[in-house]
Every structure is written in structure tokens, then in C-alpha cells.
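Text of coords23.txt, listed as compact mmCIF, C-alpha atoms and all ligand atoms:
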```txt
# COMPACT_ATOMS: atom_id res chain seq x y z
CA MET A 1293 59.16 58.76 -3.32
CA LYS A 1294 62.45 57.37 -2.18
CA ARG A 1295 62.29 55.85 1.29
CA ARG A 1296 64.85 57.12 3.74
CA THR A 1297 66.88 54.33 5.26
CA ARG A 1298 67.50 54.71 8.95
CA ALA A 1299 70.91 54.32 10.49
CA PRO A 1300 71.12 51.32 12.83
CA VAL A 1301 70.53 52.00 16.50
CA GLY A 1302 73.71 53.46 17.94
CA LYS A 1303 75.75 56.41 16.81
CA PRO A 1304 78.49 57.27 14.34
CA LYS A 1305 81.95 56.44 15.54
CA ARG A 1306 84.05 59.47 16.27
CA ARG A 1307 87.58 59.32 17.49
CA THR A 1308 90.03 61.77 18.96
CA GLU A 1309 92.65 62.85 16.49
CA ALA A 1310 95.20 62.79 19.26
CA THR A 1311 94.64 59.25 20.53
CA GLY A 1312 92.49 57.49 17.92
CA ARG A 1313 90.50 55.88 20.77
CA PRO A 1314 87.63 56.86 23.00
CA GLY A 1315 88.52 58.95 26.01
CA TYR A 1316 87.14 60.24 29.29
CA LEU A 1317 86.69 63.98 29.52
CA HIS A 1318 86.91 64.23 33.31
CA GLY A 1319 90.29 62.48 33.43
CA TYR A 1320 91.52 59.92 35.93
CA THR A 1321 93.08 62.08 38.64
CA ALA A 1322 92.79 61.40 42.38
CA HIS A 1323 90.58 64.48 42.54
CA GLU A 1324 88.23 62.98 39.93
CA GLN A 1325 88.16 59.69 41.87
CA GLU A 1326 87.06 61.59 44.99
CA ARG A 1327 84.51 63.56 42.94
CA LEU A 1328 82.92 60.28 41.79
CA VAL A 1329 82.47 59.19 45.42
CA ARG A 1330 80.93 62.54 46.41
CA GLN A 1331 78.72 62.44 43.30
CA ALA A 1332 77.39 58.93 44.00
CA ARG A 1333 76.51 59.85 47.60
CA PHE A 1334 74.97 63.16 46.55
CA LEU A 1335 72.74 61.55 43.91
CA GLU A 1336 72.00 58.37 45.87
CA ASP A 1337 68.31 59.08 46.52
CA ALA A 1338 67.62 59.71 42.82
CA VAL A 1339 69.73 56.88 41.39
CA HIS A 1340 69.08 54.10 43.93
CA ASP A 1341 65.39 54.66 44.54
CA ARG A 1342 63.52 51.30 44.60
CA LEU A 1343 65.98 49.31 42.50
CA PRO A 1344 64.73 45.77 41.76
CA PHE A 1345 67.71 43.84 43.16
CA ARG A 1346 66.15 42.34 46.33
CA ARG A 1347 66.06 38.83 44.83
CA CYS A 1348 69.45 39.13 43.09
CA ARG A 1349 72.53 37.41 44.45
CA ARG A 1350 75.17 37.97 41.74
CA LEU A 1351 75.07 41.47 40.30
CA LEU A 1352 77.25 42.79 37.48
CA GLU A 1353 78.25 46.46 37.61
CA VAL A 1354 79.69 47.65 34.30
CA GLY A 1355 81.84 50.79 34.55
CA CYS A 1356 82.17 50.48 38.33
CA GLY A 1357 84.73 53.28 38.47
CA VAL A 1358 86.09 53.70 42.00
CA GLY A 1359 83.35 51.52 43.52
CA ALA A 1360 81.25 54.46 44.69
CA GLN A 1361 77.97 52.95 43.45
CA THR A 1362 79.13 49.45 44.43
CA GLU A 1363 79.38 50.56 48.05
CA ILE A 1364 75.82 51.89 47.97
CA LEU A 1365 74.50 48.72 46.29
CA LEU A 1366 76.19 46.48 48.88
CA ARG A 1367 74.86 48.62 51.73
CA ARG A 1368 71.29 48.60 50.37
CA PHE A 1369 71.22 44.90 49.39
CA PRO A 1370 72.94 42.87 52.15
CA GLU A 1371 72.62 39.56 50.27
CA LEU A 1372 74.20 40.81 47.08
CA HIS A 1373 77.62 39.96 45.64
CA VAL A 1374 78.78 42.58 43.10
CA THR A 1375 81.25 41.98 40.29
CA GLY A 1376 82.54 45.29 38.96
CA ILE A 1377 84.34 45.82 35.70
CA ASP A 1378 85.97 49.00 34.39
CA ARG A 1379 88.54 49.67 31.69
CA ASN A 1380 90.59 51.98 33.91
CA ALA A 1381 93.08 50.08 36.11
CA PRO A 1382 93.67 52.92 38.65
CA ASN A 1383 89.91 53.25 39.16
CA VAL A 1384 89.58 49.48 39.71
CA ALA A 1385 92.48 49.58 42.19
CA ALA A 1386 90.75 52.46 44.00
CA ALA A 1387 87.48 50.46 44.04
CA ARG A 1388 89.24 47.48 45.63
CA ARG A 1389 90.87 49.70 48.28
CA ARG A 1390 87.62 51.46 49.09
CA LEU A 1391 85.54 48.32 49.39
CA GLN A 1392 88.14 46.34 51.32
CA ALA A 1393 88.10 49.11 53.91
CA CYS A 1394 84.33 48.84 54.18
CA ALA A 1395 83.28 46.20 56.76
CA PHE A 1396 79.89 45.36 55.21
CA ALA A 1397 81.46 44.92 51.74
CA ARG A 1398 84.15 42.43 52.72
CA GLY A 1399 83.99 39.18 50.71
CA ARG A 1400 81.03 40.47 48.73
CA PHE A 1401 82.65 42.03 45.68
CA SER A 1402 85.28 41.55 43.02
CA ALA A 1403 86.55 44.16 40.59
CA GLU A 1404 88.24 43.53 37.26
CA VAL A 1405 89.88 45.62 34.58
CA GLY A 1406 88.21 45.09 31.21
CA PRO A 1407 86.15 46.58 28.39
CA ALA A 1408 82.39 46.94 28.62
CA GLU A 1409 82.14 45.97 24.94
CA SER A 1410 83.68 42.53 25.46
CA LEU A 1411 82.90 41.25 28.94
CA PRO A 1412 85.23 38.50 30.21
CA PHE A 1413 82.39 36.45 31.71
CA ARG A 1414 80.56 33.29 30.63
CA ALA A 1415 76.96 33.47 29.39
CA ALA A 1416 74.29 33.66 32.11
CA SER A 1417 76.81 34.34 34.92
CA PHE A 1418 74.75 37.03 36.68
CA ASP A 1419 71.17 37.58 37.86
CA GLY A 1420 71.16 41.38 37.63
CA ALA A 1421 73.11 44.29 36.14
CA PHE A 1422 73.67 47.94 37.03
CA LEU A 1423 75.19 50.54 34.71
CA CYS A 1424 75.49 54.17 35.81
CA TRP A 1425 77.06 57.06 33.89
CA ILE A 1426 79.04 54.66 31.67
CA LEU A 1427 77.14 54.32 28.37
CA GLU A 1428 77.75 58.04 27.78
CA HIS A 1429 81.48 57.18 27.57
CA VAL A 1430 81.56 53.90 25.66
CA ASP A 1431 82.32 53.67 21.99
CA ASP A 1432 79.39 51.37 21.25
CA PRO A 1433 76.44 51.39 23.72
CA ALA A 1434 74.49 48.77 21.69
CA ARG A 1435 77.38 46.33 21.80
CA THR A 1436 77.82 46.96 25.53
CA LEU A 1437 74.14 46.25 26.24
CA ALA A 1438 74.30 43.15 24.03
CA GLU A 1439 77.23 41.90 26.10
CA VAL A 1440 75.34 42.63 29.32
CA ARG A 1441 72.40 40.61 27.98
CA ARG A 1442 74.68 37.69 27.08
CA VAL A 1443 76.09 37.39 30.60
CA LEU A 1444 72.71 37.73 32.36
CA GLN A 1445 70.31 34.89 33.16
CA PRO A 1446 66.79 34.98 31.65
CA GLY A 1447 64.52 37.19 33.75
CA ALA A 1448 67.43 39.19 35.20
CA PRO A 1449 66.75 42.91 35.74
CA VAL A 1450 69.06 45.55 34.29
CA ILE A 1451 69.15 49.19 35.39
CA VAL A 1452 70.81 51.75 33.14
CA THR A 1453 71.15 55.33 34.41
CA GLU A 1454 72.30 57.90 31.91
CA VAL A 1455 72.72 61.57 31.10
CA GLN A 1456 70.58 63.63 28.73
CA ASN A 1457 72.70 66.74 28.56
CA ALA A 1458 70.31 68.71 26.33
CA THR A 1459 68.16 69.29 29.43
CA PHE A 1460 70.45 71.66 31.36
CA PHE A 1461 68.98 75.12 32.08
CA LEU A 1462 69.95 77.93 34.44
CA ASP A 1463 68.29 81.21 35.38
CA PRO A 1464 69.63 83.95 35.38
CA TYR A 1465 70.50 83.22 31.75
CA SER A 1466 74.18 82.19 31.56
CA PRO A 1467 75.47 82.31 27.96
CA ASN A 1468 79.12 81.51 28.77
CA THR A 1469 78.04 78.48 30.78
CA LEU A 1470 75.81 77.24 27.97
CA GLN A 1471 78.59 77.77 25.42
CA TYR A 1472 81.00 75.85 27.67
CA TRP A 1473 78.36 73.09 28.03
CA MET A 1474 78.07 72.83 24.23
CA ALA A 1475 81.86 72.51 23.97
CA PHE A 1476 81.78 69.88 26.73
CA ASN A 1477 79.14 67.85 24.86
CA ASP A 1478 80.76 68.28 21.42
CA THR A 1479 84.05 67.05 22.83
CA GLN A 1480 82.43 64.05 24.47
CA LEU A 1481 80.94 63.15 21.06
CA GLU A 1482 84.35 63.55 19.42
CA LEU A 1483 85.87 61.31 22.08
CA GLY A 1484 83.49 58.53 21.02
CA GLY A 1485 80.93 59.06 23.81
CA ASP A 1486 77.33 60.28 23.70
CA PRO A 1487 76.12 62.97 26.11
CA PHE A 1488 72.54 62.47 24.87
CA VAL A 1489 72.42 58.69 25.22
CA GLY A 1490 69.77 58.86 27.97
CA ALA A 1491 67.09 59.70 25.39
CA LYS A 1492 68.05 56.64 23.34
CA LEU A 1493 68.00 53.98 26.05
CA GLY A 1494 64.48 52.78 25.16
CA ASN A 1495 65.44 52.26 21.50
CA LEU A 1496 68.70 50.56 22.39
CA LEU A 1497 67.12 48.10 24.83
CA LEU A 1498 64.23 47.34 22.47
CA ALA A 1499 66.51 46.67 19.49
CA LEU A 1500 68.53 44.24 21.59
CA GLY A 1501 65.50 42.16 22.60
CA TYR A 1502 65.20 43.19 26.25
CA GLY A 1503 61.68 42.99 27.70
CA ASP A 1504 59.62 44.94 30.30
CA ILE A 1505 61.38 48.17 29.29
CA SER A 1506 60.50 51.37 31.09
CA THR A 1507 62.24 54.73 31.26
CA ALA A 1508 61.93 57.23 34.09
CA ILE A 1509 62.89 60.84 33.43
CA LYS A 1510 64.31 62.10 36.71
CA THR A 1511 64.47 65.86 37.01
CA PHE A 1512 66.40 68.11 39.35
CA HIS A 1513 64.35 71.31 39.34
CA PHE A 1514 65.41 73.68 42.09
CA ASP A 1515 63.97 77.14 42.76
CA ASN A 1516 62.82 79.26 45.70
CA ARG A 1517 60.83 76.37 47.15
CA THR A 1518 64.03 74.59 48.17
CA PRO A 1519 66.83 77.18 48.49
CA GLY A 1520 69.06 74.90 50.56
CA GLU A 1521 68.95 72.03 48.06
CA ARG A 1522 69.36 74.50 45.20
CA ALA A 1523 72.57 75.85 46.75
CA GLU A 1524 73.94 72.33 47.37
CA PHE A 1525 73.10 71.22 43.86
CA LEU A 1526 74.64 74.33 42.26
CA ALA A 1527 77.87 73.67 44.15
CA TYR A 1528 77.87 70.04 42.96
CA TRP A 1529 77.12 71.08 39.37
CA THR A 1530 79.83 73.75 39.39
CA GLU A 1531 82.35 71.08 40.41
CA LEU A 1532 81.09 68.77 37.64
CA LEU A 1533 81.39 71.51 35.00
CA LEU A 1534 84.88 72.51 36.11
CA SER A 1535 86.08 68.90 36.23
CA GLY A 1536 86.13 68.95 32.42
CA ALA A 1537 87.87 72.34 32.11
CA PRO A 1538 91.53 71.20 32.04
CA ALA A 1539 90.92 68.65 29.25
CA LEU A 1540 88.72 71.06 27.27
CA ALA A 1541 91.28 73.87 27.54
CA LYS A 1542 94.13 71.52 26.57
CA ALA A 1543 92.19 70.40 23.49
CA GLY A 1544 91.58 74.06 22.55
CA LYS A 1545 87.79 73.63 22.92
CA VAL A 1546 87.32 76.38 25.51
CA SER A 1547 89.25 79.58 26.15
CA GLU A 1548 90.39 80.92 29.51
CA GLN A 1549 87.95 83.79 29.03
CA LEU A 1550 85.04 81.41 28.52
CA VAL A 1551 85.89 79.46 31.68
CA ALA A 1552 86.29 82.72 33.62
CA GLY A 1553 82.95 83.93 32.22
CA MET A 1554 81.29 80.69 33.29
CA ARG A 1555 82.75 80.99 36.80
CA ARG A 1556 81.37 84.54 37.07
CA GLU A 1557 77.93 83.43 35.88
CA LEU A 1558 77.81 80.48 38.26
CA ASP A 1559 78.69 82.84 41.07
CA VAL A 1560 75.87 85.19 40.03
CA VAL A 1561 73.41 82.28 39.90
CA ALA A 1562 74.55 81.07 43.32
CA ARG A 1563 73.84 84.53 44.82
CA ASP A 1564 70.58 85.20 42.98
CA PRO A 1565 67.62 84.81 45.38
CA ASP A 1566 65.39 83.74 42.45
CA ALA A 1567 67.78 81.34 40.72
CA VAL A 1568 66.44 78.27 38.88
CA PHE A 1569 68.36 75.06 38.13
CA TRP A 1570 67.05 72.34 35.84
CA TYR A 1571 68.58 69.06 34.67
CA SER A 1572 67.03 65.71 33.76
CA PHE A 1573 68.61 62.27 33.45
CA VAL A 1574 67.09 58.97 32.39
CA GLN A 1575 66.90 55.68 34.27
CA ALA A 1576 65.88 52.68 32.17
CA ARG A 1577 64.69 49.37 33.61
CA ALA A 1578 64.44 46.19 31.57
CA LYS A 1579 64.58 42.41 31.88
CA VAL A 1580 66.39 39.77 29.90
CA GLN A 1581 63.81 37.59 28.19
C1 LIG B 1 81.63 58.68 35.15
S1 LIG B 1 82.50 57.25 35.61
C2 LIG B 1 81.18 56.42 36.50
C3 LIG B 1 81.67 55.37 37.44
C4 LIG B 1 80.57 54.75 38.31
N1 LIG B 1 79.60 54.07 37.51
C5 LIG B 1 79.91 55.80 39.15
O1 LIG B 1 78.76 56.16 38.90
O2 LIG B 1 80.58 56.29 40.08
C6 LIG B 1 82.61 56.29 34.13
C7 LIG B 1 83.45 55.04 34.27
O3 LIG B 1 83.25 54.26 33.09
C8 LIG B 1 84.50 53.69 32.74
N2 LIG B 1 84.46 53.35 31.31
C9 LIG B 1 84.29 54.20 30.28
N3 LIG B 1 84.28 53.52 29.12
C10 LIG B 1 84.44 52.21 29.42
C11 LIG B 1 84.50 51.02 28.65
N4 LIG B 1 84.41 51.05 27.33
N5 LIG B 1 84.66 49.84 29.29
C12 LIG B 1 84.75 49.80 30.65
N6 LIG B 1 84.71 50.90 31.44
C13 LIG B 1 84.55 52.10 30.83
C14 LIG B 1 85.52 54.76 33.08
O4 LIG B 1 86.82 54.21 33.20
C15 LIG B 1 84.96 55.32 34.37
O5 LIG B 1 85.48 54.63 35.48
```
Please go through the file and, once you have read it, give me the structure as C-alpha cells.
Amino acid sequence: MKRRTRAPVGKPKRRTEATGRPGYLHGYTAHEQERLVRQARFLEDAVHDRLPFRRCRRLLEVGCGVGAQTEILLRRFPELHVTGIDRNAPNVAAARRRLQACAFARGRFSAEVGPAESLPFRAASFDGAFLCWILEHVDDPARTLAEVRRVLQPGAPVIVTEVQNATFFLDPYSPNTLQYWMAFNDTQLELGGDPFVGAKLGNLLLALGYGDISTAIKTFHFDNRTPGERAEFLAYWTELLLSGAPALAKAGKVSEQLVAGMRRELDVVARDPDAVFWYSFVQARAKVQ
């Protein structure tokens, strides 16, 4: 019997026809910048729970965006200096503005424009790394994690937090919303990203020679036991879904009717006294060895 050869860890490259390069579905508007700040604060308990950075002094944050996670890291770890890098210049400028205005962050961060796949830092420059909601957007997650490993010192911890978009579920059943979600994920794949990368973090880190790898599946499961949190989370999720609508409509991936249908369904779910929301993401921990 012929043995099947496995594709290398990673994913096939897909590019937008329009731009020929990877893109970012949510866009780079001021509204999206504010959404990232709200999102980081809203998810802080789940994302920043017991991170292993107490002994770190020079942390690298790849895909720092507008500095929303940086602010939380600097607040939680008073002895930390964070170097952020992001390919989007307006986001980096916003990060600098935000953090300069933050008394406890002053003198404790720098932010640079650059690609995650080719980090402009010398080997072993940092003693920890934090990546959150970025690998889903990069063209080559394996190369990015290899670069992170290169610039970390031996023994340095790395935390990678990522989406696993196949886990989304709503009750009452919401077919327009699920169809929209499929279009959202298909488009992210076409843009060169990977909305399912969370499930692959263990494989990626193992193939790159990281040690002490663990993955935590963190689930938001809201029902009648926590109606207040369910309502808050549904509002957050509705904003997240709609943040992709302009780009998806422009690319012809969703129709006005589908978006309107999704809005109606989300409204029904928000009013339903027995509604259920479910979504899981993955947080991987590893060490450079
Ligand atoms: C969803 S945002 C997350 C930002 C931040 N980590 C947070 O949680 O608020 C993704 C960020 O990754 C950046 N990004 C995407 N691909 C990148 C790449 N190849 N190199 C550097 N930054 C990238 C985007 O510009 C954007 O700022």
C-alpha cells in the first residue's frame, strides 16, 4: 500500500486576488482600534490568567496591535519591559499614544513596525514572548514561531492565544449567522490567515522544538446560570461579527440579506430567556529549550 505523505506543519498559502498579499478582515479603522481595546479588557480574565511572566524582564509581544494587551501586561507585571511589534503602522502609532498616556507604562515599552515572520531583533534578545490573536492572521505561523524562538533566550516562556472558530454555537439555532460565520472563516483563509489555527498550536510548537508544551482549551459557555454575563458576551460577539461585515460585503462574500438575517437572529438570541452561547479558544504555553 502506498504511504500517504503528510504536508509539512503549516497551511497552504492562499492570497487575495485583489491584493496578492495577506490581509486583515476587520480592517484598520479607528473604530476597529477601539474595538481591540474593549476586546482585550473584556477578555482579560480568560487571556491573562496566571501567565508565567513574573520572572521576565524583557518581553516580546508580536502583533501588539494598538497596545491593548501591552497595557494589561505592564499593569500585571510591574517589573516588565515590553517590546511590541506589528506590521500595521497606524496601530503601532496608536499603541505608542495609548501607552505614553498611561502613567505606569511610561519608559517600560517600545513599539515597532515590522513583520512577525522576520523579526528585526538579535538572537536571544528577550526572556519571554506573548502572542494573542495574531497567528490567525499571519501568512506563515510556523515561520513566525521559529522567529520568536530565535529571539528568545533558552528557558524563556512563550504564550500563544488563538482562535478555533469551528467551536462557535448559538441556541436558538441561527442559520444566517452560521452561514455568515462560514463566509467569515473562508475569507480569512483566502486572505492567508487561519481561523482554526488554535487547534494546531501543539503541532506547530512541537515541530519547532519548543519544550514543556501545554494547551488549555478555554470555553465561553453561557446559559441561564449566568444571564448577565451571557448578555454582555452576546453584545461583544455581535460587535465582533459585524466588524467583518463591510469587508465581507465589499468582497461579495456576504449579501445584505444575509447580514440583515444575522442581525435579526442575534436579536432573537439576545431576547431569548433560554439562549445558549458557546465558543472555545486555545492558549498554548511552551518554553524555549
Ligand atoms: C486582532 S489584532 C490583535 C492585536 C493584539 N494582539 C490584541 O490582542 O489586541 C491582530 C494584529 O496582528 C497584526 N498582524 C497581522 N499579521 C501580522 C504580521 N504578519 N506581522 C506583524 N503583525 C501582524 C495586525 O496588524 C493586527 O494589529
Nearby residues (all atoms listed in the file) at most 12 Å from A:Arg1517, same-chain spacing under 3 positions excluded, as a PyMOL selection string | chain A and resi 1513-1514+1520-1523+1565-1569
Hey, what's within 12 Å of A:Phe1334 if we count all atoms listed in the file and toss same-chain stuff fewer than 2 positions away? As a count of residues only, please?
-> 21
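The nearest approach to A:Ser1506 among the residues A:Gln1575, A:Asn1383, A:Thr1375, A:Thr1479, with all atoms listed in the file taken into account, belongs to A:Gln1575.
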Please provide as a list in words all residues within 9 Å of A:Val1574, with the sequence filter that same-chain residues fewer than 5 positions apart are discarded (counting all atoms listed in the file).
->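 The neighbour list is Val1452, Thr1453, Glu1454, Val1455, Gln1456, Val1489, Gly1490, Ala1491, Leu1493, Thr1507, Ala1508, Ile1509, Lys1510 and Thr1511 of chain A.
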Please save C-alpha atoms of the selected residues as a CSV table (one decimal), in the coordinates of the input.
```
chain,number,residue,atom,x,y,z
A,1452,VAL,CA,70.8,51.8,33.1
A,1453,THR,CA,71.2,55.3,34.4
A,1454,GLU,CA,72.3,57.9,31.9
A,1455,VAL,CA,72.7,61.6,31.1
A,1456,GLN,CA,70.6,63.6,28.7
A,1489,VAL,CA,72.4,58.7,25.2
A,1490,GLY,CA,69.8,58.9,28.0
A,1491,ALA,CA,67.1,59.7,25.4
A,1493,LEU,CA,68.0,54.0,26.0
A,1507,THR,CA,62.2,54.7,31.3
A,1508,ALA,CA,61.9,57.2,34.1
A,1509,ILE,CA,62.9,60.8,33.4
A,1510,LYS,CA,64.3,62.1,36.7
A,1511,THR,CA,64.5,65.9,37.0
```
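Ranking A:Arg1398, A:Arg1388, A:Arg1333, A:Arg1441 by their shortest atom-to-atom distance to ligand LIG 1 (chain B), with only C-alpha atoms and all ligand atoms included, puts A:Arg1333 first.
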Set the cut-off to 6 Å, count all atoms listed in the file, and list whatever residues fall near ligand LIG 1 (chain B) as JSON, numbers by chain.
-> {"A": [1328, 1332, 1355, 1356, 1357, 1360, 1361, 1378, 1379, 1380, 1383, 1406, 1407, 1408, 1424, 1425, 1426, 1429, 1430]}
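If you look at atom CA of A:Pro1344 and atom CA of A:Phe1396, they are 20.3 Å away from each other.
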Choose the residue, out of A:Trp1570, A:Phe1369, A:Phe1476, A:Phe1401, that has the smallest atom-to-atom separation from A:Val1551; count all atoms listed in the file.
-> A:Phe1476
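Each of A:Thr1436, A:Ala1386, A:Tyr1571, A:Ala1421 was compared to A:Glu1409 using only C-alpha atoms, and A:Thr1436 turns out to be the nearest.
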Could you tell me which of A:Glu1404, A:Gly1420, A:Asp1432, A:Leu1411 comes closest to A:Leu1365 if we count all atoms listed in the file?
->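 Nearest candidate to A:Leu1365 out of A:Glu1404, A:Gly1420, A:Asp1432, A:Leu1411: A:Gly1420.
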Closest of A:Glu1371, A:Phe1345, A:Asn1457, A:Ser1402 to A:Leu1481 - atom-to-atom distances counting all atoms listed in the file |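 Using all atoms listed in the file, A:Leu1481 sits closest to A:Asn1457.
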What gap, in Å, lies between atom CA of A:Gly1376 and atom CA of A:Pro1538?
->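 About the pair atom CA of A:Gly1376 and atom CA of A:Pro1538: they are 28.3 Å apart.
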May I ask for the distance between atom CA of A:Glu1353 and atom CA of A:Ala1448, given in Å to one decimal place?
->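 Computing it gives 13.3 Å between the two atoms.
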Give me the residues within 10 Å of A:Tyr1502 as number ranges by chain, counting only C-alpha atoms and dropping any in the same chain fewer than 6 places off.
-> A: 1437-1438, 1441, 1446-1447, 1449-1450, 1494, 1496, 1577-1581
Closest pair table for stretch 1438-1517 of chain A residues within 9 Å of stretch 1349-1352 of chain A, all atoms listed in the file, as CSV:
```
residue,atom,partner,partner_atom,distance
A:Val1440,CA,A:Leu1352,CA,8.4
A:Val1443,CA,A:Leu1352,CA,8.8
A:Leu1444,CA,A:Leu1352,CA,8.5
```
